[in-house]
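Everything below concerns the one structure shown next.
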Amino acid sequence: MKSGQKKYQTECPENEVLISVFLKKGTLEEQERLIDHVLACQKCKLKFDALKQISNQLSAFKEEFEGEKLSTREEGEFRRTARQRIRELSEKQKISFFRLLPARYLAIAATALLIVIAGYLLITKLQQRDVYREGERGEFRLIEPVGVITEVPSVFTWTYHGEADNYFFQLIDDELNIVFTKTIDLTEGVYEPKATLSEGEKKKLLRGKTYIWEVEARDLFHKKIISDRKHFEIKEK
Amino acid sequence: MDLKKLIKTKDFIEKMSKSIELIIWKNFPQLSRQEKEDVEQEVKLKIWRMVSGGKKIRNLKSYLWRVVYTTTLDMIDEKMNILPFDSVMEEQGANPISRLDIRFSESLMERKEWESMFERALHSLVQNRRIVIKLYLTGMNVKEIADFLGWTESKVNHLYYRGLSDLKKQLKDIKN
């Protein structure tokens, strides 16, 4: 056996090596070395077979994606779709988890949740004080709405952050459900740091309830730079 | 992103998640009913999480292909970690050489000697023929070998038959 072929005799190759031969990145020698290992290692054979099956599936899509490139904006939109999908799937996961629990566990969980919310609101109150101090130092902070308000808010405002390319806004109710999310993209000609609610969105907000809103200032690749969180209560009439 | 491209990509990811899920089901039949039900969700979350971050996408096709391959191997690693290795592998015992049209002895002692002869004969082949035969031994068919190596099916077919013929000749020579 050639000396180069000894490399994978005892140790399994990294997943990245297996993937790269399927992406046709390796030389014939590297491919052969890997195949020699696969023929001798059942664990890697299982992985190799799985990649082979996946490769067969992928070949059906080859022409659809050949030569496709994404602009920075398209990439951002694609990542946003991914995040939206993650949120949907996480919600689904939560629902299926609760469906499996017996009623008495749900009662315990509901009590625990109430304690968490109370603690969360208390922490938010304390953070609000800290953020106000940060705001004085010119850092990122949310402006309004805060505290008890009499009308359903139409506009949410916050301070401008010099390094942000977009802002991710989310509104959460007192049961920790996400009411809605918005991405305010500064590359789309929006310069004011604010989120405006449509009439339809405003109808989702109920009087007598407390809402938490959070804004993340993000860079071009949607990586969080800084965030802030506030809460408000819409007073009953 | 133009809407058509976005829908196409989203649809692709959902379809490939299903394929990965099926591969996990097939390779890990020992998973409990609940674990199997969870696989669908795990695969989707993993694949979308990978898409939501990471390096700049230069070429959409190779990016997506890499994401799908990586998710598949990550899922396999996770399942291998929770299941005893013996139980994962109990179905996989067949000798790969039995795929070739070459007779070999069933007696254990003779078989070991024969396998060592086979290895010597295989390594004496020219590289192109040897690699095609080795890929065939992994269980690939001609089309899959051609895809894997980026060669035409007729080239692979030709190399396979030339390789097999050389192999038989070499084995005969070694025996004598």
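Labels used: A, B, ... for chains in the order of the structure tokens, numbers from 1 for residues in each chain, and numbers from 1 for ligands as shown.
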Identify all chain B residues at most 6 Å from chain A by counting only C-alpha atoms; ligands do not count. Present them as a CSV table (one decimal) with all heavy atoms, in the first residue's frame.
chain,number,residue,atom,x,y,z
B,1,MET,N,-34.2,39.6,-3.0
B,1,MET,CA,-34.2,38.4,-3.8
B,1,MET,C,-35.4,38.3,-4.6
B,1,MET,O,-36.5,38.5,-4.1
B,1,MET,CB,-34.1,37.2,-2.8
B,1,MET,CG,-33.6,35.9,-3.5
B,1,MET,SD,-33.4,34.6,-2.2
B,1,MET,CE,-32.5,33.4,-3.1
B,48,TRP,N,-32.0,25.2,8.5
B,48,TRP,CA,-32.4,26.6,8.4
B,48,TRP,C,-31.4,27.4,9.3
B,48,TRP,O,-31.1,28.6,8.9
B,48,TRP,CB,-33.8,26.9,8.7
B,48,TRP,CG,-34.8,26.5,7.6
B,48,TRP,CD1,-35.7,25.5,7.6
B,48,TRP,CD2,-34.9,27.2,6.4
B,48,TRP,NE1,-36.4,25.5,6.4
B,48,TRP,CE2,-35.9,26.6,5.6
B,48,TRP,CE3,-34.3,28.3,5.8
B,48,TRP,CZ2,-36.3,27.0,4.4
B,48,TRP,CZ3,-34.7,28.7,4.5
B,48,TRP,CH2,-35.7,28.1,3.8
B,52,SER,N,-29.2,30.6,8.1
B,52,SER,CA,-29.5,31.9,8.7
B,52,SER,C,-28.2,32.7,9.0
B,52,SER,O,-28.2,33.9,9.2
B,52,SER,CB,-30.3,31.8,9.9
B,52,SER,OG,-29.6,31.3,11.0
B,59,ASN,N,-21.4,31.3,-4.4
B,59,ASN,CA,-22.0,30.5,-5.4
B,59,ASN,C,-23.2,29.8,-4.7
B,59,ASN,O,-22.9,29.0,-3.9
B,59,ASN,CB,-21.0,29.6,-6.0
B,59,ASN,CG,-21.5,28.7,-7.0
B,59,ASN,OD1,-22.6,28.1,-6.9
B,59,ASN,ND2,-20.8,28.5,-8.1
B,60,LEU,N,-24.4,30.1,-5.2
B,60,LEU,CA,-25.5,29.6,-4.5
B,60,LEU,C,-25.6,28.0,-4.5
B,60,LEU,O,-25.8,27.4,-3.5
B,60,LEU,CB,-26.8,30.1,-5.1
B,60,LEU,CG,-28.1,29.8,-4.4
B,60,LEU,CD1,-28.2,30.2,-2.9
B,60,LEU,CD2,-29.3,30.3,-5.1
B,61,LYS,N,-25.2,27.5,-5.7
B,61,LYS,CA,-25.3,26.0,-5.8
B,61,LYS,C,-24.3,25.3,-4.8
B,61,LYS,O,-24.8,24.5,-4.0
B,61,LYS,CB,-25.0,25.6,-7.2
B,61,LYS,CG,-25.2,24.1,-7.4
B,61,LYS,CD,-24.8,23.7,-8.8
B,61,LYS,CE,-24.3,22.3,-8.8
B,61,LYS,NZ,-23.0,22.1,-9.2
Counting only C-alpha atoms, what is within 7 Å of range 136-141 of chain B, bar same-chain residues fewer than 3 positions away, as a compact mmCIF listing (two decimals) with N, CA, C and O atoms, in the first residue's frame?
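The file below, result_18.txt, is the result:
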# COMPACT_ATOMS: atom_id res chain seq x y z
N LEU A 39 -13.95 1.72 2.47
CA LEU A 39 -14.10 0.27 2.27
C LEU A 39 -13.73 -0.54 3.52
O LEU A 39 -14.14 -1.68 3.67
N PRO B 96 -17.66 -6.63 0.32
CA PRO B 96 -17.85 -5.83 -0.90
C PRO B 96 -17.34 -6.52 -2.15
O PRO B 96 -17.86 -6.27 -3.25
N ILE B 97 -16.34 -7.42 -1.99
CA ILE B 97 -15.78 -8.09 -3.18
C ILE B 97 -16.84 -8.96 -3.87
O ILE B 97 -16.80 -9.18 -5.07
N ARG B 99 -19.54 -8.18 -4.85
CA ARG B 99 -20.21 -7.42 -5.91
C ARG B 99 -19.60 -7.71 -7.27
O ARG B 99 -20.24 -7.53 -8.31
N VAL B 132 -12.19 3.24 -10.29
CA VAL B 132 -13.54 2.87 -10.71
C VAL B 132 -13.96 1.56 -10.03
O VAL B 132 -15.07 1.45 -9.51
N ILE B 133 -13.05 0.59 -10.01
CA ILE B 133 -13.36 -0.69 -9.36
C ILE B 133 -13.63 -0.47 -7.86
O ILE B 133 -14.58 -1.01 -7.29
N GLU B 144 -23.54 6.63 -10.82
CA GLU B 144 -23.08 7.29 -9.59
C GLU B 144 -21.56 7.51 -9.61
O GLU B 144 -21.08 8.55 -9.17
N ILE B 145 -20.84 6.52 -10.16
CA ILE B 145 -19.38 6.68 -10.25
C ILE B 145 -19.05 7.85 -11.18
O ILE B 145 -18.19 8.68 -10.89
### Query
Which residues, written as a count of residues only, have at least one atom at most 10 Å from range 230-237 of chain A, with only C-alpha atoms counted and residues fewer than 3 positions away on the same chain left out?
34
| Backbone-only DSSP, helix (DSSP H, G or I) members of range 8-232 of chain A, as a PyMOL selection string | chain A and resi 8-10+15-22+28-40+42-59+62-65+72-100+103-136+186-188+199-202
Selection: 8 Å around range 33-46 of chain B, only C-alpha atoms, excl. self and same-chain fewer than 4 positions, as a PDB file with C-alpha atoms, in the first residue's frame:
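Wrote result.pdb, looks like this:
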ATOM      1  CA  ILE A  86     -36.658  28.967  12.375  1.00  0.00           C
ATOM      2  CA  LEU A  89     -40.431  25.733  13.464  1.00  0.00           C
ATOM      3  CA  SER A  90     -39.587  26.702  17.050  1.00  0.00           C
ATOM      4  CA  GLN A  93     -41.844  22.544  18.470  1.00  0.00           C
TER       5      GLN A  93
ATOM      6  CA  GLU B  14     -37.720  21.776   2.383  1.00  0.00           C
ATOM      7  CA  SER B  17     -34.801  18.195   4.550  1.00  0.00           C
ATOM      8  CA  LYS B  18     -37.287  15.453   3.739  1.00  0.00           C
ATOM      9  CA  ILE B  20     -32.211  13.767   4.939  1.00  0.00           C
ATOM     10  CA  GLU B  21     -35.023  12.746   7.278  1.00  0.00           C
ATOM     11  CA  ILE B  24     -31.870   8.970   8.984  1.00  0.00           C
ATOM     12  CA  TRP B  25     -35.006   6.825   9.309  1.00  0.00           C
ATOM     13  CA  MET B  50     -27.112  26.885   9.053  1.00  0.00           C
ATOM     14  CA  THR B  71     -26.610  18.717   7.796  1.00  0.00           C
ATOM     15  CA  MET B  75     -27.501  14.302  11.899  1.00  0.00           C
TER      16      MET B  75
END
One decimal, in Å: what's the spacing between CA of Glu14 in chain A and CA of Lys79 in chain B?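 CA of Lys79 in chain B lies at a distance of 16.8 Å from CA of Glu14 in chain A.
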